[in-house]
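Have a look at final.txt below; it lists compact mmCIF, C-alpha atoms.
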# COMPACT_ATOMS: atom_id res chain seq x y z
CA MET A 848 176.81 86.60 119.55
CA THR A 849 175.72 83.22 120.94
CA GLU A 850 171.95 82.89 121.60
CA THR A 851 171.28 81.73 125.18
CA ALA A 852 168.46 79.44 126.30
CA GLY A 853 166.87 82.33 128.19
CA SER A 854 166.80 84.58 125.13
CA ARG A 855 165.29 81.78 123.04
CA ARG A 856 162.56 81.30 125.63
CA GLY A 857 161.89 85.07 125.68
CA ALA A 858 161.63 85.27 121.91
CA SER A 859 159.32 82.28 121.85
CA ALA A 860 157.09 83.86 124.49
CA ARG A 861 156.94 87.11 122.53
CA ARG A 862 155.99 85.25 119.37
CA THR A 863 153.28 83.40 121.31
CA TRP A 864 151.82 86.67 122.60
CA VAL A 865 151.95 88.19 119.13
CA ARG A 866 150.13 85.19 117.67
CA ARG A 867 147.56 85.27 120.48
CA GLY A 868 147.12 89.02 120.02
CA ALA A 869 146.66 88.60 116.29
CA VAL A 870 144.15 85.81 116.84
CA GLY A 871 142.33 87.88 119.45
CA ALA A 872 142.21 90.91 117.17
CA GLY A 873 140.98 88.70 114.37
CA VAL A 874 138.24 87.28 116.57
CA LEU A 875 137.20 90.80 117.59
CA LEU A 876 137.13 91.93 113.96
CA LEU A 877 135.10 88.90 112.95
CA ALA A 878 132.72 89.46 115.86
CA ALA A 879 132.33 93.13 114.93
CA ALA A 880 131.82 92.22 111.28
CA GLY A 881 129.33 89.54 112.27
CA THR A 882 127.44 91.93 114.52
CA GLY A 883 127.46 94.55 111.79
CA TRP A 884 126.13 92.04 109.28
CA LEU A 885 123.39 90.91 111.67
CA VAL A 886 122.35 94.53 112.24
CA TYR A 887 122.42 95.21 108.49
CA ALA A 888 120.46 92.04 107.73
CA LYS A 889 117.84 92.87 110.37
CA LEU A 890 117.31 96.44 109.16
CA ASP A 891 117.41 95.38 105.52
CA GLY A 892 114.82 92.68 106.18
CA ASN A 893 112.49 95.10 107.97
CA ILE A 894 111.49 96.87 104.75
CA THR A 895 108.54 95.46 102.82
CA PRO A 896 108.87 95.73 99.01
CA ASP A 897 105.66 96.78 97.26
CA GLU A 898 105.87 94.26 94.43
CA ALA A 899 102.13 94.44 93.62
CA ALA A 900 102.33 98.19 93.02
CA ALA A 901 105.40 97.78 90.83
CA ALA A 902 103.60 95.23 88.66
CA GLU A 903 100.50 97.43 88.35
CA LEU A 904 102.52 100.52 87.44
CA ALA A 905 104.46 98.55 84.83
CA ARG A 906 101.11 97.64 83.25
CA TYR A 907 100.42 101.35 82.67
CA GLU A 908 103.98 102.47 81.90
CA LYS A 909 103.06 103.91 78.48
CA GLU A 910 100.54 106.36 79.94
CA ARG A 911 102.76 107.53 82.81
CA PRO A 912 104.62 110.86 82.49
CA SER A 913 108.33 110.73 81.78
CA ALA A 914 110.98 112.29 84.00
CA ALA A 915 111.65 115.85 82.79
CA VAL A 916 114.95 116.59 84.58
CA ARG A 917 117.71 114.07 85.05
CA GLY A 918 118.79 113.72 88.68
CA ALA A 919 115.66 115.24 90.22
CA GLN A 920 113.50 112.82 92.21
CA ASN A 921 109.84 112.77 93.20
CA ILE A 922 108.85 110.53 96.11
CA LEU A 923 105.25 109.97 97.20
CA VAL A 924 104.99 109.49 100.97
CA ILE A 925 101.69 107.94 102.06
CA GLY A 926 100.52 107.77 105.67
CA SER A 927 98.13 104.83 105.97
CA ASP A 928 95.25 104.82 108.46
CA SER A 929 95.18 101.01 108.51
CA ARG A 930 94.14 99.53 111.87
CA ALA A 931 95.56 96.12 110.98
CA GLY A 932 98.38 94.83 113.18
CA ASP A 933 98.89 94.90 116.94
CA GLY A 934 100.35 98.39 116.97
CA ASN A 935 97.43 99.98 115.11
CA ARG A 936 94.30 98.29 116.49
CA ARG A 937 93.91 100.75 119.35
CA TYR A 938 93.02 103.49 116.83
CA GLY A 939 89.79 101.87 115.73
CA ARG A 940 88.22 98.75 114.27
CA ASP A 941 89.96 97.15 111.32
CA SER A 942 87.38 97.27 108.55
CA GLY A 943 89.64 95.43 106.11
CA THR A 944 90.38 98.59 104.10
CA GLU A 945 92.79 101.46 104.55
CA ARG A 946 92.90 105.03 103.32
CA SER A 947 95.64 107.58 102.80
CA ASP A 948 95.38 109.64 105.97
CA THR A 949 98.26 111.83 104.78
CA THR A 950 99.90 112.09 101.36
CA ILE A 951 102.99 114.17 100.57
CA LEU A 952 104.76 114.56 97.23
CA LEU A 953 108.43 115.14 98.07
CA HIS A 954 110.49 116.78 95.31
CA LEU A 955 114.28 116.59 95.59
CA SER A 956 116.12 118.96 93.26
CA ALA A 957 118.68 117.61 90.82
CA ASP A 958 121.47 119.69 92.40
CA HIS A 959 120.61 118.33 95.89
CA ARG A 960 120.26 121.89 97.18
CA SER A 961 116.55 121.87 98.08
CA ALA A 962 113.63 119.65 98.99
CA THR A 963 109.97 120.59 98.67
CA ALA A 964 107.24 118.57 100.38
CA VAL A 965 103.75 119.20 98.99
CA SER A 966 100.72 118.00 100.98
CA ILE A 967 97.72 116.72 99.01
CA PRO A 968 94.38 117.00 100.87
CA ARG A 969 92.63 113.68 101.38
CA ASP A 970 89.29 115.39 100.64
CA LEU A 971 90.48 116.86 97.33
CA MET A 972 88.08 116.00 94.49
CA VAL A 973 90.08 114.37 91.66
CA ASP A 974 89.77 111.99 88.74
CA VAL A 975 90.69 108.51 90.00
CA PRO A 976 91.52 106.11 87.13
CA GLY A 977 90.29 102.54 86.92
CA CYS A 978 92.57 100.48 89.15
CA ARG A 979 93.24 96.93 90.25
CA ARG A 980 91.32 96.50 93.51
CA THR A 981 93.26 95.28 96.51
CA GLU A 982 90.69 92.49 97.01
CA GLY A 983 90.67 91.52 93.32
CA GLY A 984 88.94 92.74 90.18
CA ARG A 985 89.16 96.25 88.81
CA SER A 986 87.45 99.52 89.72
CA ARG A 987 85.88 101.93 87.26
CA PRO A 988 87.22 105.47 86.71
CA MET A 989 85.56 107.86 89.13
CA PHE A 990 85.55 111.51 90.18
CA ALA A 991 85.98 111.15 93.93
CA MET A 992 87.92 112.23 97.01
CA PHE A 993 91.66 111.73 96.67
CA ASN A 994 91.96 109.16 99.46
CA TYR A 995 89.48 106.91 97.61
CA ALA A 996 92.38 105.98 95.30
CA PHE A 997 94.35 104.35 98.12
CA GLN A 998 91.27 102.71 99.56
CA VAL A 999 90.28 101.06 96.30
CA GLY A 1000 93.66 100.36 94.69
CA GLY A 1001 96.45 100.95 97.19
CA SER A 1002 99.67 102.79 96.44
CA ALA A 1003 99.68 102.08 92.67
CA CYS A 1004 96.26 103.70 92.24
CA THR A 1005 97.34 106.67 94.36
CA ILE A 1006 100.49 107.13 92.28
CA ARG A 1007 98.55 107.01 89.01
CA THR A 1008 96.04 109.53 90.39
CA VAL A 1009 98.85 111.91 91.43
CA GLU A 1010 100.62 111.56 88.10
CA ARG A 1011 97.42 112.32 86.16
CA MET A 1012 96.71 115.35 88.32
CA THR A 1013 100.24 116.80 88.28
CA ASN A 1014 101.93 115.37 85.15
CA ILE A 1015 104.90 114.64 87.48
CA ARG A 1016 106.61 111.26 87.34
CA VAL A 1017 106.63 109.56 90.75
CA ASP A 1018 110.04 107.87 90.97
CA HIS A 1019 109.61 106.19 94.36
CA HIS A 1020 106.97 105.76 97.05
CA MET A 1021 106.77 104.93 100.75
CA VAL A 1022 103.83 103.85 102.89
CA VAL A 1023 104.05 104.42 106.67
CA ASP A 1024 101.46 103.30 109.24
CA PHE A 1025 100.42 104.73 112.64
CA HIS A 1026 102.69 102.48 114.69
CA GLY A 1027 105.77 103.25 112.60
CA PHE A 1028 105.23 107.00 112.95
CA LYS A 1029 105.05 106.73 116.76
CA GLU A 1030 108.16 104.56 116.95
CA MET A 1031 110.17 107.03 114.87
CA VAL A 1032 109.24 109.94 117.15
CA ASP A 1033 110.13 107.93 120.26
CA ALA A 1034 113.42 106.85 118.66
CA VAL A 1035 114.60 110.50 118.55
CA ASP A 1036 113.44 111.04 122.16
CA GLY A 1037 110.45 113.13 121.18
CA VAL A 1038 109.94 116.28 119.14
CA GLU A 1039 109.55 119.80 120.54
CA ILE A 1040 106.72 122.01 119.29
CA CYS A 1041 105.21 125.25 120.52
CA LEU A 1042 101.53 125.63 121.38
CA THR A 1043 99.87 129.04 121.54
CA LYS A 1044 97.18 127.64 123.86
CA PRO A 1045 96.55 124.46 125.86
CA ILE A 1046 95.10 121.39 124.15
CA ARG A 1047 92.36 119.31 125.74
CA ASP A 1048 91.27 116.72 123.22
CA LYS A 1049 89.61 113.53 124.47
CA ALA A 1050 89.32 111.93 121.03
CA ALA A 1051 93.04 112.38 120.34
CA LYS A 1052 93.91 111.64 123.99
CA LEU A 1053 95.81 114.89 124.25
CA ARG A 1054 96.21 117.04 127.32
CA LEU A 1055 99.02 119.53 126.72
CA PRO A 1056 99.94 122.93 128.21
CA ALA A 1057 100.66 126.07 126.20
CA GLY A 1058 104.24 126.89 125.32
CA LYS A 1059 107.12 124.60 124.43
CA VAL A 1060 106.16 120.93 124.66
CA THR A 1061 108.11 117.81 123.75
CA LEU A 1062 105.75 115.24 122.26
CA ASP A 1063 106.36 111.53 122.54
CA GLY A 1064 105.20 109.18 119.79
CA GLU A 1065 101.65 108.71 121.07
CA GLN A 1066 101.14 112.43 121.63
CA ALA A 1067 102.66 113.27 118.25
CA LEU A 1068 100.27 110.93 116.46
CA GLY A 1069 97.28 112.51 118.20
CA TYR A 1070 98.60 115.99 117.42
CA VAL A 1071 99.04 115.44 113.67
CA ARG A 1072 95.80 113.47 113.26
CA ALA A 1073 93.42 115.62 115.33
CA ARG A 1074 91.06 117.61 113.16
CA LYS A 1075 87.78 118.76 114.63
CA SER A 1076 89.02 119.98 118.02
CA LEU A 1077 92.20 121.82 116.92
CA GLY A 1078 92.43 124.95 114.80
CA ASP A 1079 89.43 125.65 112.58
CA GLY A 1080 88.61 121.96 112.14
CA SER A 1081 89.56 121.90 108.47
CA ASP A 1082 91.81 119.39 106.76
CA THR A 1083 93.91 122.32 105.52
CA ASP A 1084 94.61 123.40 109.10
CA ARG A 1085 95.51 119.82 109.99
CA MET A 1086 97.95 119.57 107.06
CA GLU A 1087 99.66 122.78 108.13
CA ARG A 1088 100.02 121.30 111.62
CA GLN A 1089 101.53 118.17 110.10
CA GLN A 1090 103.97 120.27 108.08
CA ARG A 1091 105.09 122.19 111.16
CA PHE A 1092 105.60 118.95 113.04
CA LEU A 1093 107.59 117.36 110.21
CA ALA A 1094 109.74 120.49 110.04
CA ALA A 1095 110.42 120.15 113.78
CA LEU A 1096 111.24 116.44 113.30
CA VAL A 1097 113.75 117.25 110.55
CA HIS A 1098 115.26 119.96 112.75
CA LYS A 1099 115.58 117.50 115.66
CA VAL A 1100 117.27 114.80 113.59
CA ARG A 1101 119.66 117.26 111.93
CA GLY A 1102 120.40 119.26 115.08
CA ASN A 1103 121.15 116.42 117.52
CA ASP A 1104 123.71 114.53 115.43
CA VAL A 1105 121.39 111.54 115.16
CA LEU A 1106 122.70 110.76 111.68
CA LEU A 1107 126.32 110.72 112.91
CA ASN A 1108 125.84 108.72 116.12
CA PRO A 1109 125.42 104.95 115.55
CA VAL A 1110 123.96 104.41 119.03
CA ARG A 1111 121.21 106.96 118.37
CA LEU A 1112 120.85 106.18 114.69
CA TYR A 1113 120.11 102.45 115.06
CA PRO A 1114 116.73 102.79 116.86
CA VAL A 1115 115.69 105.46 114.35
CA LEU A 1116 116.58 103.17 111.45
CA ASP A 1117 114.92 100.20 113.11
CA ALA A 1118 111.70 102.14 113.69
CA ALA A 1119 111.75 103.64 110.20
CA THR A 1120 112.46 100.43 108.32
CA SER A 1121 109.98 98.38 110.37
CA SER A 1122 107.16 100.67 109.35
CA LEU A 1123 108.00 101.06 105.67
CA THR A 1124 106.51 99.54 102.56
CA THR A 1125 108.34 100.92 99.53
CA ASP A 1126 108.85 100.38 95.84
CA PRO A 1127 111.40 97.59 95.22
CA ALA A 1128 114.19 100.05 94.35
CA LEU A 1129 114.01 101.58 97.85
CA ALA A 1130 113.25 98.34 99.72
CA SER A 1131 116.80 97.91 101.01
CA LEU A 1132 119.19 99.74 103.28
CA ARG A 1133 121.34 100.53 100.25
CA GLY A 1134 118.41 102.13 98.45
CA LEU A 1135 117.45 104.19 101.50
CA TYR A 1136 121.07 105.12 102.17
CA ASP A 1137 121.50 106.43 98.64
CA LEU A 1138 118.36 108.51 99.12
CA VAL A 1139 119.46 109.91 102.50
CA ARG A 1140 122.94 110.63 101.16
CA SER A 1141 121.45 112.74 98.38
CA VAL A 1142 119.58 114.99 100.83
CA ARG A 1143 121.64 115.01 104.02
CA ASP A 1144 123.52 118.22 103.15
CA ILE A 1145 120.44 120.27 102.22
CA PRO A 1146 120.23 123.27 104.62
CA THR A 1147 117.11 123.22 106.79
CA GLU A 1148 116.01 126.58 105.36
CA ARG A 1149 115.79 124.91 101.96
CA VAL A 1150 113.61 122.04 103.19
CA GLN A 1151 110.13 123.43 102.42
CA PHE A 1152 106.62 122.31 103.31
CA LEU A 1153 103.49 123.56 101.54
CA THR A 1154 99.98 122.52 100.50
CA VAL A 1155 98.63 122.40 96.96
CA PRO A 1156 96.58 125.54 96.21
CA ARG A 1157 93.07 124.50 97.22
CA GLU A 1158 89.67 125.91 98.05
CA SER A 1159 86.28 124.55 99.06
CA TYR A 1160 84.67 122.39 96.40
CA VAL A 1161 81.92 124.34 94.67
CA TYR A 1162 79.30 121.62 95.27
CA ASN A 1163 80.31 120.61 98.80
CA ALA A 1164 82.00 122.89 101.32
CA ASN A 1165 83.36 119.81 103.14
CA ARG A 1166 85.44 118.84 100.12
CA ASP A 1167 88.34 120.56 98.32
CA GLN A 1168 89.20 121.46 94.75
CA LEU A 1169 92.39 122.82 93.20
CA VAL A 1170 92.80 126.56 92.69
CA GLU A 1171 93.75 127.12 89.07
CA PRO A 1172 95.96 128.14 87.39
CA GLU A 1173 98.07 128.31 90.57
CA ALA A 1174 98.05 124.54 91.13
CA GLN A 1175 99.21 123.74 87.61
CA ARG A 1176 101.86 126.41 87.91
CA LEU A 1177 103.20 124.68 91.02
CA PHE A 1178 103.14 121.25 89.39
CA GLU A 1179 104.89 122.54 86.27
CA ARG A 1180 107.71 124.13 88.24
CA LEU A 1181 108.25 120.97 90.28
CA ARG A 1182 108.21 118.86 87.12
CA LEU A 1183 110.85 121.10 85.53
CA ASP A 1184 112.83 121.33 88.79
CA LEU A 1185 112.34 125.10 89.02
CA PRO A 1186 112.35 126.90 92.39
CA VAL A 1187 109.28 127.83 94.40
CA ALA A 1188 109.13 129.79 97.64
CA VAL A 1189 107.03 129.50 100.78
CA ALA A 1190 105.60 132.08 103.17
CA ASP A 1191 103.59 131.78 106.37
CA SER A 1192 99.99 132.94 106.73
CA ARG A 1193 101.23 136.50 107.33
CA GLY A 1194 102.99 136.52 103.96
CA LYS A 1195 106.41 136.38 105.64
CA SER A 1196 109.01 134.52 103.57
CA PRO A 1197 112.17 133.04 105.13
CA ALA A 1198 114.72 135.84 105.25
CA SER A 1199 117.62 133.42 105.06
CA ARG A 1200 116.81 132.74 101.42
CA GLY A 1201 117.05 136.33 100.27
CA GLU A 1202 113.54 136.21 98.78
CA SER A 1203 110.72 138.70 99.26
CA ALA A 1204 107.18 137.41 99.18
CA HIS A 1205 104.27 139.65 98.33
CA GLY A 1206 101.74 137.79 100.39
CA SER A 1207 99.96 134.47 100.35
CA SER A 1208 96.28 133.85 100.87
CA ALA A 1209 94.88 131.44 103.45
CA ASP A 1210 93.96 129.06 100.65
CA GLY A 1211 97.52 128.85 99.36
CA ASP A 1212 97.12 131.03 96.26
CA ALA A 1213 100.42 131.69 94.52
CA LYS A 1214 101.78 135.23 94.42
CA ALA A 1215 104.61 136.32 92.14
CA VAL A 1216 107.96 137.25 93.64
CA PRO A 1217 111.11 138.45 91.85
CA GLY A 1218 112.86 135.79 89.75
CA ARG A 1219 115.66 133.79 91.32
CA PRO A 1220 119.24 134.31 90.03
CA ASP A 1221 119.61 130.54 89.57
CA GLU A 1222 116.62 130.39 87.18
CA PRO A 1223 117.62 128.34 84.10
CA ALA A 1224 117.79 130.14 80.78
CA GLY A 1225 114.49 130.06 78.94
CA HIS A 1226 112.49 129.84 82.20
CA ALA A 1227 112.68 133.38 83.49
CA SER A 1228 109.22 133.37 85.09
CA PRO A 1229 109.27 134.54 88.71
CA ALA A 1230 109.41 131.97 91.51
CA PRO A 1231 105.88 131.91 92.97
CA THR A 1232 105.29 131.86 96.70
CA PHE A 1233 102.93 129.41 98.40
CA ARG A 1234 101.69 129.21 101.93
CA GLY A 1235 104.02 127.02 103.95
CA ASN A 1236 107.11 126.86 106.13
CA THR A 1237 110.66 125.53 106.24
CA ALA A 1238 112.47 123.11 108.56
CA ALA A 1239 114.57 126.03 109.83
CA GLU A 1240 111.62 127.97 111.22
CA ASN A 1241 110.97 127.92 114.96
CA SER A 1242 107.28 127.56 115.72
CA CYS A 1243 107.77 129.31 119.08
CA GLU A 1244 109.02 132.55 117.53
Translate the structure of the given file into structure tokens.
Amino acid sequence: MTETAGSRRGASARRTWVRRGAVGAGVLLLAAAGTGWLVYAKLDGNITPDEAAAAELARYEKERPSAAVRGAQNILVIGSDSRAGDGNRRYGRDSGTERSDTTILLHLSADHRSATAVSIPRDLMVDVPGCRRTEGGRSRPMFAMFNYAFQVGGSACTIRTVERMTNIRVDHHMVVDFHGFKEMVDAVDGVEICLTKPIRDKAAKLRLPAGKVTLDGEQALGYVRARKSLGDGSDTDRMERQQRFLAALVHKVRGNDVLLNPVRLYPVLDAATSSLTTDPALASLRGLYDLVRSVRDIPTERVQFLTVPRESYVYNANRDQLVEPEAQRLFERLRLDLPVAVADSRGKSPASRGESAHGSSADGDAKAVPGRPDEPAGHASPAPTFRGNTAAENSCE
């Protein structure tokens, strides 16, 4: 068949449109890739690596405990009360020092089936080793309140103090400040809690009604930090409030598809990474992604929050001391990646786990419960129950 001039022109036009379409698609792909890279680079650059802590811990590597179970991870999460920086100055004068306002040892099981967050009271009396001071020089070993470790020697001193107290290897650590906490709560559009009575707290700038309340970042910070005007005024009561709030935060993130929606996930990641100082291994989006990937499928009923067994210090009722042997029993089970259970102040254990608790004292004393069927051979001791809650529990029920 003879090709006409009109058909040649039509074929040429089609080829032109195909080339233009290919070029346009290529430009769009490059633009998307470029935008993705810019987003990645921004989030990746937000995280501050804690190089000083890494160097200090390497100095004492021989005295640090070794990891007991391959695949299990222990992460120390430190909430700093630093007033440095524009976002934190409103909470008080910057004295040039900072303390650990909140410290949580997060244990992730090797099988990625459970996570246990253990709060350590800031007023707990402990042996703090000699540490490199943040302003230079070295401190002397001292028996002092737990948050003195962070004040004198930062995260490295806090990690060494925790490891000496628990004999648990701290694999990673994170430090979060006031401003970062607020931004994370606002990024998920607030967190719902339930109040049994109204709150009127001038110091914390809180004025909230009873019932279900959605807290924004500023309100959430006041809620988890308030001490003297809420509950019984103790640090233990405040830690339990923090645990309930964190459980509600986990529930909000998991229940609203935040992790699966890029539009909602970006502000959460931006807020989280902007506020983080971590060990070098976690100081990248890849490091954080690997961590999140290892825990994202854990059911909320197996995300537990509890406080170390504690009681008033014998020489000062305003300080705490560990309750033994319950505390060492908890630390040993976490170190060996063995299960523990939690129950609320009424001794009620989460029914979804098929466990029966036999009570738990207000001070967090451990009580024996029947052994778990997944208990490894050679470790048939019963899973003890500690006062706490899970991310699946509804504080309004």
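The nearest approach to Val1022 of chain A among the residues A:Gly926, A:Pro1056, A:Gly1069, A:Pro1156, with all atoms listed in the file taken into account, belongs to A:Gly926.
Atom to atom, atom CA of Gln920 of chain A and atom CA of Pro1127 of chain A stand 15.7 Å apart.
Neighbours of Arg1091 of chain A closer than or equal to 9 Å, with only C-alpha atoms counted and sequence neighbours fewer than 4 positions away skipped, come out as Ile1040, Met1086, Glu1087, Ala1095, Leu1096, Phe1152, Gly1235, Asn1236, Thr1237, Ala1238, Glu1240 and Ser1242 of chain A.
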Cut-off 6 Å: closest segment 1080-1171 of chain A/segment 968-972 of chain A atom pairs per residue, using all atoms listed in the file, as CSV:
residue,atom,partner,partner_atom,distance
A:Arg1166,CA,A:Asp970,CA,5.2
A:Asp1167,CA,A:Leu971,CA,4.4
A:Gln1168,CA,A:Leu971,CA,5.4
Which distance in Å separates atom CA of Ala957 of chain A and atom CA of Thr1124 of chain A, to one decimal? 24.7 Å
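The residue that comes closest to Leu1068 of chain A, out of A:Met1031, A:Ile922, A:Arg1047, A:Val1161 and on the basis of only C-alpha atoms, is A:Met1031.
Counting all atoms listed in the file, the residue from A:Asp897, A:Asp1036, A:Glu1171, A:Glu910 that sits nearest to His1020 of chain A is A:Asp897.
You can rank A:His959, A:Arg1007, A:Ala905, A:Thr949 by their closest distance to Pro976 of chain A using all atoms listed in the file, and at the top of that list sits A:Arg1007.
Nearest to Lys1052 of chain A of all the residues A:Leu1169, A:Ala1067, A:Ala1130, A:Ala1190 is A:Ala1067, counting all atoms listed in the file.
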Using atom CA of Thr981 of chain A and atom CA of Leu1123 of chain A as the two end points, give the distance in Å to one decimal. 18.3 Å
For Leu955 of chain A, list every protein, DNA or RNA residue within 7 Å, evaluated using all atoms listed in the file, and leave out those in the same chain fewer than 3 positions away; present the list as JSON, numbers by chain. {"A": [919, 920, 921, 959, 961, 962, 963]}
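Counting only C-alpha atoms and comparing A:Val1038, A:Ala915, A:Leu1129, A:Val1100, the residue that lies closest to Gln1066 of chain A is A:Val1038.
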